[in-house]
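Colleague: Sending over structure.txt (compact mmCIF, C-alpha atoms).
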# COMPACT_ATOMS: atom_id res chain seq x y z
CA MET Z 1 139.04 67.39 162.34
CA ASN Z 2 135.62 65.97 163.16
CA HIS Z 3 134.12 65.37 159.75
CA SER Z 4 130.57 65.80 161.01
CA THR Z 5 131.23 69.45 161.82
CA MET Z 6 132.85 70.48 158.54
CA THR Z 7 131.85 73.83 157.11
CA SER Z 8 131.46 74.23 153.37
CA MET Z 9 134.87 75.91 153.30
CA GLN Z 10 136.57 73.07 155.20
CA ARG Z 11 134.85 70.49 153.00
CA THR Z 12 136.02 72.26 149.84
CA LEU Z 13 139.59 72.82 151.00
CA THR Z 14 139.88 69.18 152.08
CA THR Z 15 138.81 67.89 148.68
CA LEU Z 16 141.11 70.38 146.91
CA GLY Z 17 143.93 68.88 148.98
CA HIS Z 18 143.04 65.52 147.37
CA GLN Z 19 141.73 64.14 150.61
CA GLU Z 20 138.24 62.89 151.42
CA PRO Z 21 136.07 65.30 153.44
CA ASP Z 22 132.82 64.38 155.21
CA ARG Z 23 130.96 64.39 151.89
CA VAL Z 24 131.40 65.42 148.28
CA PRO Z 25 131.16 69.22 148.00
CA LEU Z 26 128.24 70.47 145.90
CA PHE Z 27 128.66 73.69 143.91
CA LEU Z 28 125.15 74.36 142.66
CA LEU Z 29 125.79 77.29 140.31
CA THR Z 30 122.33 78.82 140.29
CA THR Z 31 122.30 82.43 139.13
CA LEU Z 32 118.98 83.17 137.41
CA HIS Z 33 117.02 81.14 139.97
CA GLY Z 34 117.55 83.97 142.44
CA ALA Z 35 115.08 86.04 140.41
CA LYS Z 36 112.47 83.30 140.85
CA GLU Z 37 113.08 83.27 144.61
CA LEU Z 38 112.43 87.01 144.82
CA ASN Z 39 109.60 86.91 142.28
CA LEU Z 40 111.39 89.39 140.02
CA SER Z 41 112.15 89.54 136.30
CA ILE Z 42 115.77 88.66 135.47
CA GLU Z 43 116.47 92.28 134.49
CA ASP Z 44 115.01 93.65 137.73
CA TYR Z 45 116.81 91.06 139.78
CA PHE Z 46 120.22 92.07 138.45
CA SER Z 47 119.46 95.79 138.70
CA ARG Z 48 120.30 95.94 142.43
CA PHE Z 49 123.13 94.15 144.19
CA GLU Z 50 120.94 93.62 147.27
CA ASN Z 51 118.69 91.36 145.19
CA VAL Z 52 121.58 89.09 144.21
CA VAL Z 53 122.83 88.93 147.81
CA GLU Z 54 119.38 87.89 149.03
CA GLY Z 55 118.90 85.50 146.10
CA GLN Z 56 122.21 83.73 146.69
CA LEU Z 57 121.61 83.34 150.42
CA ARG Z 58 118.11 81.95 149.85
CA LEU Z 59 119.29 79.52 147.17
CA ARG Z 60 122.05 78.19 149.40
CA GLN Z 61 119.63 77.67 152.26
CA LYS Z 62 117.12 75.99 149.97
CA TYR Z 63 119.47 73.61 148.15
CA ARG Z 64 122.29 73.30 150.74
CA GLY Z 65 125.07 73.98 148.26
CA ASP Z 66 128.66 74.54 149.32
CA CYS Z 67 129.39 77.87 147.65
CA LEU Z 68 127.96 81.29 146.95
CA TYR Z 69 128.16 82.43 143.34
CA PRO Z 70 127.85 86.22 142.93
CA PHE Z 71 128.17 85.95 139.15
CA PHE Z 72 125.63 88.17 137.37
CA TYR Z 73 126.04 87.41 133.65
CA ALA Z 74 128.94 87.18 131.19
CA SER Z 75 128.28 90.40 129.28
CA ILE Z 76 128.64 92.48 132.47
CA GLU Z 77 132.34 92.59 131.60
CA THR Z 78 131.70 94.04 128.14
CA GLU Z 79 129.53 96.72 129.79
CA ALA Z 80 132.78 97.97 131.37
CA TRP Z 81 134.18 98.31 127.83
CA GLY Z 82 131.13 100.30 126.68
CA GLY Z 83 128.93 97.43 125.55
CA GLU Z 84 125.26 96.77 126.25
CA THR Z 85 123.34 93.79 127.62
CA LEU Z 86 120.08 92.40 126.25
CA PHE Z 87 117.81 90.84 128.88
CA LEU Z 88 115.62 87.84 128.19
CA PRO Z 89 112.60 86.74 130.24
CA ASP Z 90 113.77 83.14 130.66
CA GLY Z 91 117.50 82.82 130.00
CA PRO Z 92 120.91 84.36 130.61
CA PRO Z 93 121.32 87.97 129.46
CA LEU Z 94 123.01 88.36 126.09
CA CYS Z 95 125.70 90.63 124.76
CA GLY Z 96 124.60 93.58 122.61
CA ALA Z 97 126.47 94.87 119.56
CA PRO Z 98 130.26 94.26 119.55
CA VAL Z 99 132.28 97.06 121.15
CA ILE Z 100 135.04 96.41 118.59
CA GLN Z 101 133.35 97.02 115.24
CA ASN Z 102 136.56 96.88 113.23
CA ALA Z 103 139.97 95.37 113.97
CA THR Z 104 141.51 98.83 113.64
CA ASP Z 105 139.51 99.89 116.73
CA ILE Z 106 141.97 97.82 118.77
CA ASP Z 107 144.72 100.34 118.02
CA LEU Z 108 142.94 103.02 120.10
CA LEU Z 109 141.27 100.75 122.64
CA VAL Z 110 141.85 101.49 126.34
CA SER Z 111 141.53 98.90 129.08
CA PRO Z 112 138.75 100.10 131.42
CA SER Z 113 139.09 100.72 135.14
CA VAL Z 114 137.08 98.55 137.52
CA PRO Z 115 135.94 101.33 139.89
CA GLY Z 116 134.82 103.34 136.83
CA SER Z 117 132.25 100.68 135.91
CA PRO Z 118 128.89 100.85 137.76
CA SER Z 119 128.15 97.27 136.67
CA LEU Z 120 131.36 95.83 138.07
CA THR Z 121 131.01 97.88 141.24
CA LYS Z 122 127.62 96.22 141.75
CA VAL Z 123 129.28 92.79 141.66
CA LEU Z 124 131.94 93.90 144.16
CA LYS Z 125 129.25 95.14 146.54
CA THR Z 126 127.50 91.78 146.22
CA ILE Z 127 130.69 89.90 147.09
CA ALA Z 128 131.42 92.18 150.07
CA ALA Z 129 127.88 91.80 151.43
CA LEU Z 130 128.00 88.01 151.10
CA LYS Z 131 131.39 87.94 152.82
CA ASP Z 132 129.90 89.94 155.71
CA ARG Z 133 127.18 87.32 156.07
CA VAL Z 134 129.21 84.10 155.85
CA GLY Z 135 132.78 85.06 156.75
CA ASP Z 136 135.16 82.20 156.02
CA THR Z 137 132.59 79.40 156.35
CA VAL Z 138 131.47 79.29 152.69
CA PRO Z 139 133.54 79.71 149.51
CA ILE Z 140 132.51 82.77 147.48
CA ILE Z 141 133.34 82.22 143.81
CA GLY Z 142 134.11 85.25 141.68
CA VAL Z 143 134.24 85.11 137.89
CA ALA Z 144 136.60 86.63 135.35
CA LEU Z 145 136.37 85.84 131.65
CA SER Z 146 139.72 84.86 130.26
CA PRO Z 147 141.45 87.56 128.19
CA PHE Z 148 141.59 84.98 125.39
CA SER Z 149 137.83 84.22 125.38
CA LEU Z 150 136.49 87.73 126.10
CA PRO Z 151 136.96 88.92 122.46
CA VAL Z 152 134.23 86.51 121.34
CA MET Z 153 131.90 89.03 123.00
CA GLN Z 154 133.99 92.13 122.32
CA MET Z 155 134.03 91.67 118.55
CA GLY Z 156 132.03 88.55 117.61
CA PHE Z 157 133.27 85.01 117.06
CA HIS Z 158 133.95 85.17 113.33
CA ALA Z 159 135.76 88.52 113.44
CA TYR Z 160 137.86 87.35 116.38
CA LEU Z 161 138.95 84.14 114.65
CA GLU Z 162 139.99 86.20 111.62
CA LEU Z 163 142.03 88.48 113.91
CA LEU Z 164 143.62 85.49 115.64
CA HIS Z 165 144.74 83.92 112.36
CA GLU Z 166 145.44 86.96 110.17
CA GLN Z 167 146.49 89.90 112.37
CA PRO Z 168 148.83 88.58 115.07
CA GLU Z 169 150.12 92.02 116.12
CA ARG Z 170 146.62 93.34 116.80
CA PHE Z 171 145.66 90.05 118.46
CA TRP Z 172 148.54 90.35 120.93
CA ARG Z 173 147.74 94.01 121.58
CA LEU Z 174 144.17 93.01 122.44
CA MET Z 175 145.50 90.27 124.72
CA GLU Z 176 147.69 92.80 126.52
CA LEU Z 177 144.68 95.07 127.14
CA ASN Z 178 142.45 92.18 128.19
CA GLU Z 179 145.06 90.64 130.48
CA ALA Z 180 145.47 93.92 132.34
CA PHE Z 181 141.70 94.19 132.73
CA ALA Z 182 141.21 90.55 133.79
CA VAL Z 183 143.90 90.81 136.47
CA ARG Z 184 142.42 94.03 137.86
CA TRP Z 185 138.92 92.60 137.80
CA ALA Z 186 139.86 89.28 139.40
CA ASN Z 187 141.94 90.91 142.12
CA ALA Z 188 139.20 93.45 142.88
CA GLN Z 189 136.82 90.55 143.50
CA LEU Z 190 139.34 88.81 145.76
CA ALA Z 191 139.88 92.06 147.66
CA ALA Z 192 136.11 92.39 148.10
CA GLY Z 193 135.95 88.95 149.72
CA ALA Z 194 135.89 86.31 146.97
CA THR Z 195 137.63 83.06 147.92
CA ALA Z 196 138.62 82.05 144.40
CA ILE Z 197 138.16 83.11 140.79
CA CYS Z 198 136.49 81.04 138.10
CA TYR Z 199 138.53 81.76 134.96
CA PHE Z 200 136.05 81.12 132.16
CA ASP Z 201 137.96 80.13 129.04
CA PRO Z 202 135.67 78.27 126.61
CA LEU Z 203 137.59 79.27 123.48
CA SER Z 204 140.63 77.34 124.73
CA SER Z 205 138.69 74.07 124.68
CA PRO Z 206 139.65 71.58 121.93
CA THR Z 207 135.93 71.73 121.09
CA ASN Z 208 136.71 75.17 119.64
CA ILE Z 209 140.37 75.36 118.61
CA PRO Z 210 143.18 72.83 118.01
CA ARG Z 211 145.55 72.14 120.89
CA GLU Z 212 148.54 73.49 118.93
CA LEU Z 213 146.83 76.87 118.58
CA TYR Z 214 145.87 76.85 122.27
CA LEU Z 215 149.47 76.23 123.31
CA ARG Z 216 150.65 79.22 121.26
CA THR Z 217 147.87 81.58 122.37
CA GLY Z 218 145.32 80.82 125.08
CA GLN Z 219 147.74 78.90 127.28
CA GLN Z 220 150.35 81.67 127.16
CA VAL Z 221 147.67 84.21 128.05
CA ALA Z 222 146.41 81.99 130.90
CA LYS Z 223 149.90 81.48 132.35
CA ARG Z 224 150.56 85.22 132.48
CA THR Z 225 147.11 86.14 133.78
CA ILE Z 226 146.73 83.41 136.42
CA ALA Z 227 150.23 84.17 137.75
CA GLN Z 228 149.04 87.70 138.59
CA ILE Z 229 145.73 86.73 140.20
CA LYS Z 230 146.18 86.89 143.98
CA GLY Z 231 144.13 83.82 144.83
CA PRO Z 232 143.28 80.33 143.56
CA THR Z 233 141.65 79.91 140.16
CA ALA Z 234 139.37 77.34 138.59
CA THR Z 235 139.54 77.18 134.80
CA HIS Z 236 136.20 76.43 133.18
CA MET Z 237 135.58 75.45 129.56
CA ALA Z 238 131.82 76.16 129.83
CA SER Z 239 130.71 72.76 128.46
CA GLY Z 240 133.67 72.42 126.10
CA ARG Z 241 135.89 69.34 126.18
CA GLY Z 242 139.14 69.46 128.13
CA LEU Z 243 140.49 65.91 128.52
CA SER Z 244 143.13 66.18 125.80
CA ILE Z 245 144.54 69.43 127.25
CA LEU Z 246 144.18 68.62 130.96
CA PRO Z 247 147.97 68.54 131.57
CA ASP Z 248 148.30 71.80 129.60
CA LEU Z 249 145.62 73.41 131.78
CA ALA Z 250 147.44 72.21 134.89
CA ASP Z 251 150.60 73.89 133.54
CA THR Z 252 148.87 77.28 133.72
CA GLY Z 253 148.81 77.14 137.52
CA THR Z 254 145.06 76.68 137.87
CA ALA Z 255 143.85 74.60 140.84
CA VAL Z 256 140.57 73.29 139.45
CA VAL Z 257 139.22 72.48 135.98
CA GLY Z 258 135.51 72.58 135.14
CA VAL Z 259 134.82 69.51 133.01
CA SER Z 260 132.32 68.66 130.29
CA ALA Z 261 129.42 66.22 130.29
CA LEU Z 262 130.72 65.18 126.86
CA GLU Z 263 133.66 63.37 128.45
CA ASP Z 264 133.98 60.45 130.85
CA LEU Z 265 134.57 61.53 134.43
CA ALA Z 266 136.63 58.44 135.27
CA GLU Z 267 139.02 59.22 132.39
CA LEU Z 268 139.21 62.87 133.44
CA LYS Z 269 139.97 61.88 137.04
CA LYS Z 270 142.74 59.54 135.91
CA ALA Z 271 144.26 62.24 133.67
CA ALA Z 272 144.04 64.89 136.41
CA GLY Z 273 145.85 62.78 139.00
CA GLN Z 274 146.90 64.99 141.90
CA ARG Z 275 147.72 67.98 139.68
CA VAL Z 276 144.27 69.56 139.49
CA SER Z 277 140.88 68.97 141.06
CA LEU Z 278 137.76 68.51 138.93
CA LEU Z 279 134.48 70.42 138.99
CA GLY Z 280 131.53 68.96 137.11
CA ASN Z 281 130.00 67.41 135.14
CA LEU Z 282 126.20 67.16 135.36
CA ASN Z 283 124.61 68.02 132.01
CA GLY Z 284 122.77 71.31 132.53
CA ILE Z 285 120.89 71.10 129.24
CA GLU Z 286 119.63 67.58 129.91
CA MET Z 287 118.89 68.61 133.49
CA ARG Z 288 115.92 70.64 132.24
CA ARG Z 289 114.19 67.37 131.33
CA TRP Z 290 115.30 65.17 134.24
CA THR Z 291 112.95 63.60 136.73
CA PRO Z 292 114.09 63.48 140.38
CA ASP Z 293 114.97 59.79 139.87
CA GLN Z 294 117.14 60.66 136.87
CA ALA Z 295 118.83 63.41 138.89
CA GLN Z 296 119.66 60.90 141.63
CA TYR Z 297 121.10 58.47 139.08
CA GLN Z 298 123.30 61.14 137.49
CA VAL Z 299 124.60 62.28 140.88
CA LYS Z 300 125.46 58.69 141.87
CA ARG Z 301 127.15 58.12 138.52
CA ALA Z 302 129.30 61.26 138.83
CA ILE Z 303 130.28 60.44 142.41
CA ALA Z 304 131.14 56.85 141.49
CA LYS Z 305 133.38 57.99 138.64
CA GLY Z 306 135.03 61.07 140.13
CA ALA Z 307 134.84 61.37 143.90
CA ARG Z 308 137.14 58.67 145.29
CA GLY Z 309 140.18 60.16 147.03
CA GLY Z 310 138.87 63.73 146.99
CA GLY Z 311 139.85 66.20 144.27
CA PHE Z 312 136.25 66.41 143.06
CA ILE Z 313 133.45 68.95 143.42
CA LEU Z 314 130.05 68.02 142.03
CA SER Z 315 128.57 70.74 139.83
CA ASP Z 316 126.97 71.29 136.46
CA ASN Z 317 129.14 71.15 133.35
CA HIS Z 318 128.61 74.70 132.11
CA GLY Z 319 129.06 76.99 135.10
CA GLU Z 320 125.43 78.11 135.18
CA ILE Z 321 122.26 76.09 135.68
CA PRO Z 322 119.55 76.97 133.14
CA TRP Z 323 116.46 78.91 134.21
CA GLN Z 324 114.23 76.02 133.10
CA VAL Z 325 115.65 73.50 135.60
CA SER Z 326 112.95 72.79 138.17
CA ASP Z 327 113.07 73.07 141.95
CA ASP Z 328 112.29 69.35 142.19
CA VAL Z 329 115.39 68.45 140.21
CA LEU Z 330 117.67 70.83 142.14
CA ARG Z 331 116.35 69.44 145.44
CA ALA Z 332 116.88 65.89 144.15
CA ILE Z 333 120.50 66.70 143.28
CA SER Z 334 121.10 68.09 146.75
CA ASP Z 335 119.32 65.19 148.49
CA SER Z 336 121.27 62.68 146.42
CA VAL Z 337 124.60 64.24 147.41
CA ASP Z 338 123.53 63.97 151.04
CA GLN Z 339 122.57 60.34 150.55
CA TRP Z 340 125.33 59.06 148.26
CA GLY Z 341 128.16 61.57 148.70
CA ARG Z 342 129.17 60.73 152.27
CA TYR Z 343 132.69 59.38 152.65
CA PRO Z 344 133.82 56.62 152.69
CA LEU Z 345 131.99 55.79 149.47
CA ASN Z 346 131.70 52.07 150.15
CA TRP Z 347 128.54 51.67 148.07
CA ILE Z 348 130.59 52.18 144.89
CA GLU Z 349 131.95 48.62 145.19
CA ASP Z 350 128.50 47.23 144.44
CA TRP Z 351 127.46 49.88 141.91
CA THR Z 352 127.40 49.16 138.21
CA GLU Z 353 126.57 51.73 135.58
CA THR Z 354 123.21 51.10 133.94
CA ASP Z 355 121.00 53.05 131.60
CA PRO Z 356 119.48 56.02 133.44
CA PRO Z 357 115.85 55.65 134.59
Here is the file; what I need is its structure written in the form of structure tokens.

Modeller:
Amino acid sequence: MNHSTMTSMQRTLTTLGHQEPDRVPLFLLTTLHGAKELNLSIEDYFSRFENVVEGQLRLRQKYRGDCLYPFFYASIETEAWGGETLFLPDGPPLCGAPVIQNATDIDLLVSPSVPGSPSLTKVLKTIAALKDRVGDTVPIIGVALSPFSLPVMQMGFHAYLELLHEQPERFWRLMELNEAFAVRWANAQLAAGATAICYFDPLSSPTNIPRELYLRTGQQVAKRTIAQIKGPTATHMASGRGLSILPDLADTGTAVVGVSALEDLAELKKAAGQRVSLLGNLNGIEMRRWTPDQAQYQVKRAIAKGARGGGFILSDNHGEIPWQVSDDVLRAISDSVDQWGRYPLNWIEDWTETDPP
């Protein structure tokens, strides 16, 4: 294949095959920035699927990223369970009151249907419309929260940890309900035109729970769920560490792991080997304060540590770039990938890590 003519899809598939494409793929996971492009409030922006379609297409054209990301916000899944979303003027929408007020509610809980949820239907329409526009030239990344992490929003973090440790029977019943929902939701997105599913699973990170507990719970859930998803998955810890469980994550059948800015990309790449590809790990929180020069340095650093031999997609470390990150910084990231991300990466031989500008 002539590298100079690679589409975003070809570039991504080449790197996922642990080969070097024409340049490092850039997944710029901008969600809220679409509202800025259309000069709308965040709540108004997400109120109509047409807005998100237009926002995603404009953002890709502006920053030359290699994927479309029709993710609305995390609590859209709890809306399907009867929950509410609280909109902020300058940040990601938040989850309202827990839908599970008491652990005994789990006994009567019913896993919701996807077509029965107006919110989820809106996401599916977004995916289908984007697919109509780009066909197979650009990866479209759907999102499903892991059945293991979703209860943090369904019932609150503290209540969920109590359930996990003290009421195993109810915990496993909730997992059964959530697994059924996650599989339906992920497969509906794939059927609508998504290329792959980002399986957000922050609770499984060793930042949050010990590995031994993950192996007994979150990993078992992931193995069952991912096996039923009819397309490739990328497991994302949403900023949480993952180095110490990277082989365990690979054992779930996931193809990609989203990695944290808290860990060294060279170590992650070595641990991943050929088993999984890496997605990351630009620090989205720090990104709000970067200058364009700092953005260029961070892009070069990530490429130098993670991009040799393919198996690496440059992205942020959380799975969503904060509202406060400026256009100048996002453009600098994109320009830097164009400048420094072209294979072969011969400049790395002369590059030494220094303090950022």

Colleague: Could you check the closest approach to Arg301 in chain Z for each of Z:Leu278, Z:Leu13, Z:Val256, Z:Ile348 and tell me which residue wins, using all atoms listed in the file?

Modeller: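 Answer, going by the shortest atom-to-atom distance: Z:Ile348.
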
Colleague: Quick check, in Å to one decimal: how far apart do CA of Ala307 in chain Z and CA of Leu265 in chain Z lie?

Modeller: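 Rounded to one decimal, the two atoms are 9.5 Å apart.
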
Colleague: To one decimal place in Å, what is the distance between CA of Arg241 in chain Z and CA of Val329 in chain Z?

Modeller: 24.9 Å

Colleague: Rank Z:Pro25, Z:Gly242, Z:Pro89, Z:Gly280 by their smallest atom-to-atom distance to Lys305 in chain Z, using only C-alpha atoms, and report the top residue only.

Modeller: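 Residue with the minimum atom-to-atom distance to Lys305 in chain Z: Z:Gly280.
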
Colleague: Which neighbours of range 143-145 of chain Z fall inside 9 Å, counting only C-alpha atoms, when residues of the same chain fewer than 3 positions from it are skipped, and could you give them as an mmCIF file with C-alpha atoms, in the frame of the given file?

Modeller:
data_model
loop_
_atom_site.group_PDB
_atom_site.id
_atom_site.type_symbol
_atom_site.label_atom_id
_atom_site.label_comp_id
_atom_site.auth_asym_id
_atom_site.auth_seq_id
_atom_site.Cartn_x
_atom_site.Cartn_y
_atom_site.Cartn_z
ATOM 1 C CA TYR Z 69 128.160 82.430 143.340
ATOM 2 C CA PRO Z 70 127.850 86.220 142.930
ATOM 3 C CA PHE Z 71 128.170 85.950 139.150
ATOM 4 C CA ALA Z 74 128.940 87.180 131.190
ATOM 5 C CA GLU Z 77 132.340 92.590 131.600
ATOM 6 C CA PHE Z 148 141.590 84.980 125.390
ATOM 7 C CA SER Z 149 137.830 84.220 125.380
ATOM 8 C CA LEU Z 150 136.490 87.730 126.100
ATOM 9 C CA ALA Z 182 141.210 90.550 133.790
ATOM 10 C CA VAL Z 183 143.900 90.810 136.470
ATOM 11 C CA TRP Z 185 138.920 92.600 137.800
ATOM 12 C CA ALA Z 186 139.860 89.280 139.400
ATOM 13 C CA GLN Z 189 136.820 90.550 143.500
ATOM 14 C CA ALA Z 196 138.620 82.050 144.400
ATOM 15 C CA ILE Z 197 138.160 83.110 140.790
ATOM 16 C CA CYS Z 198 136.490 81.040 138.100
ATOM 17 C CA TYR Z 199 138.530 81.760 134.960
ATOM 18 C CA PHE Z 200 136.050 81.120 132.160
ATOM 19 C CA ASP Z 201 137.960 80.130 129.040
#

Colleague: Report the distance between CA of Ile313 in chain Z and CA of Thr252 in chain Z in Å, rounded to one decimal place.

Modeller: 20.0 Å

Colleague: So, counting all atoms listed in the file, which residue among Z:Thr207, Z:Thr195, Z:Thr352, Z:Thr14 is closest to Leu243 in chain Z?

Modeller: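 Residue with the minimum atom-to-atom distance to Leu243 in chain Z: Z:Thr207.
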
Colleague: Which residues are close to Ala159 in chain Z, i.e. within 10 Å by all atoms listed in the file, leaving aside same-chain residues fewer than 4 positions away? Reply as a ChimeraX atom specification.

Modeller: /Z:100-103,151-152,154-155,163-164

Colleague: Just write the chosen residues, C-alpha atoms, as a PDB file, keeping the file's coordinate frame.

Modeller:
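Contents of again_27.pdb, freshly written:
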ATOM      1  CA  ILE Z 100     135.040  96.410 118.590  1.00  0.00           C
ATOM      2  CA  GLN Z 101     133.350  97.020 115.240  1.00  0.00           C
ATOM      3  CA  ASN Z 102     136.560  96.880 113.230  1.00  0.00           C
ATOM      4  CA  ALA Z 103     139.970  95.370 113.970  1.00  0.00           C
ATOM      5  CA  PRO Z 151     136.960  88.920 122.460  1.00  0.00           C
ATOM      6  CA  VAL Z 152     134.230  86.510 121.340  1.00  0.00           C
ATOM      7  CA  GLN Z 154     133.990  92.130 122.320  1.00  0.00           C
ATOM      8  CA  MET Z 155     134.030  91.670 118.550  1.00  0.00           C
ATOM      9  CA  LEU Z 163     142.030  88.480 113.910  1.00  0.00           C
ATOM     10  CA  LEU Z 164     143.620  85.490 115.640  1.00  0.00           C
TER      11      LEU Z 164
END

Colleague: Find the residues with any atom within 9 Å of (146.2, 96.0, 122.3); use all atoms listed in the file and the coordinates as given in the file, and write the answer as a PyMOL selection string.

Modeller: chain Z and resi 106-111+169-178

Colleague: Which residue out of Z:Asn187, Z:Glu84, Z:Asp251, Z:Glu179 has the minimum interatomic distance to Val114 in chain Z when all atoms listed in the file are used?

Modeller: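 Ranked by minimum distance to Val114 in chain Z, first place goes to Z:Asn187.
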
Colleague: Need to verify the contact set: Ala129 in chain Z, 10 Å, only C-alpha atoms, exclusion of same-chain residues closer than 4 positions in sequence. Can you return it as a PyMOL selection string?

Modeller: chain Z and resi 49-50+52-54+123-125+133-135+192-193

Colleague: When you look at Gly82 in chain Z with a cut-off of 12 Å (counting all atoms listed in the file), what residues show up, excluding the ones that are within fewer than 6 positions of it in the same chain? I need them as number ranges by chain.

Modeller: Z: 75-76, 95-100, 109-113, 116-119, 153-154
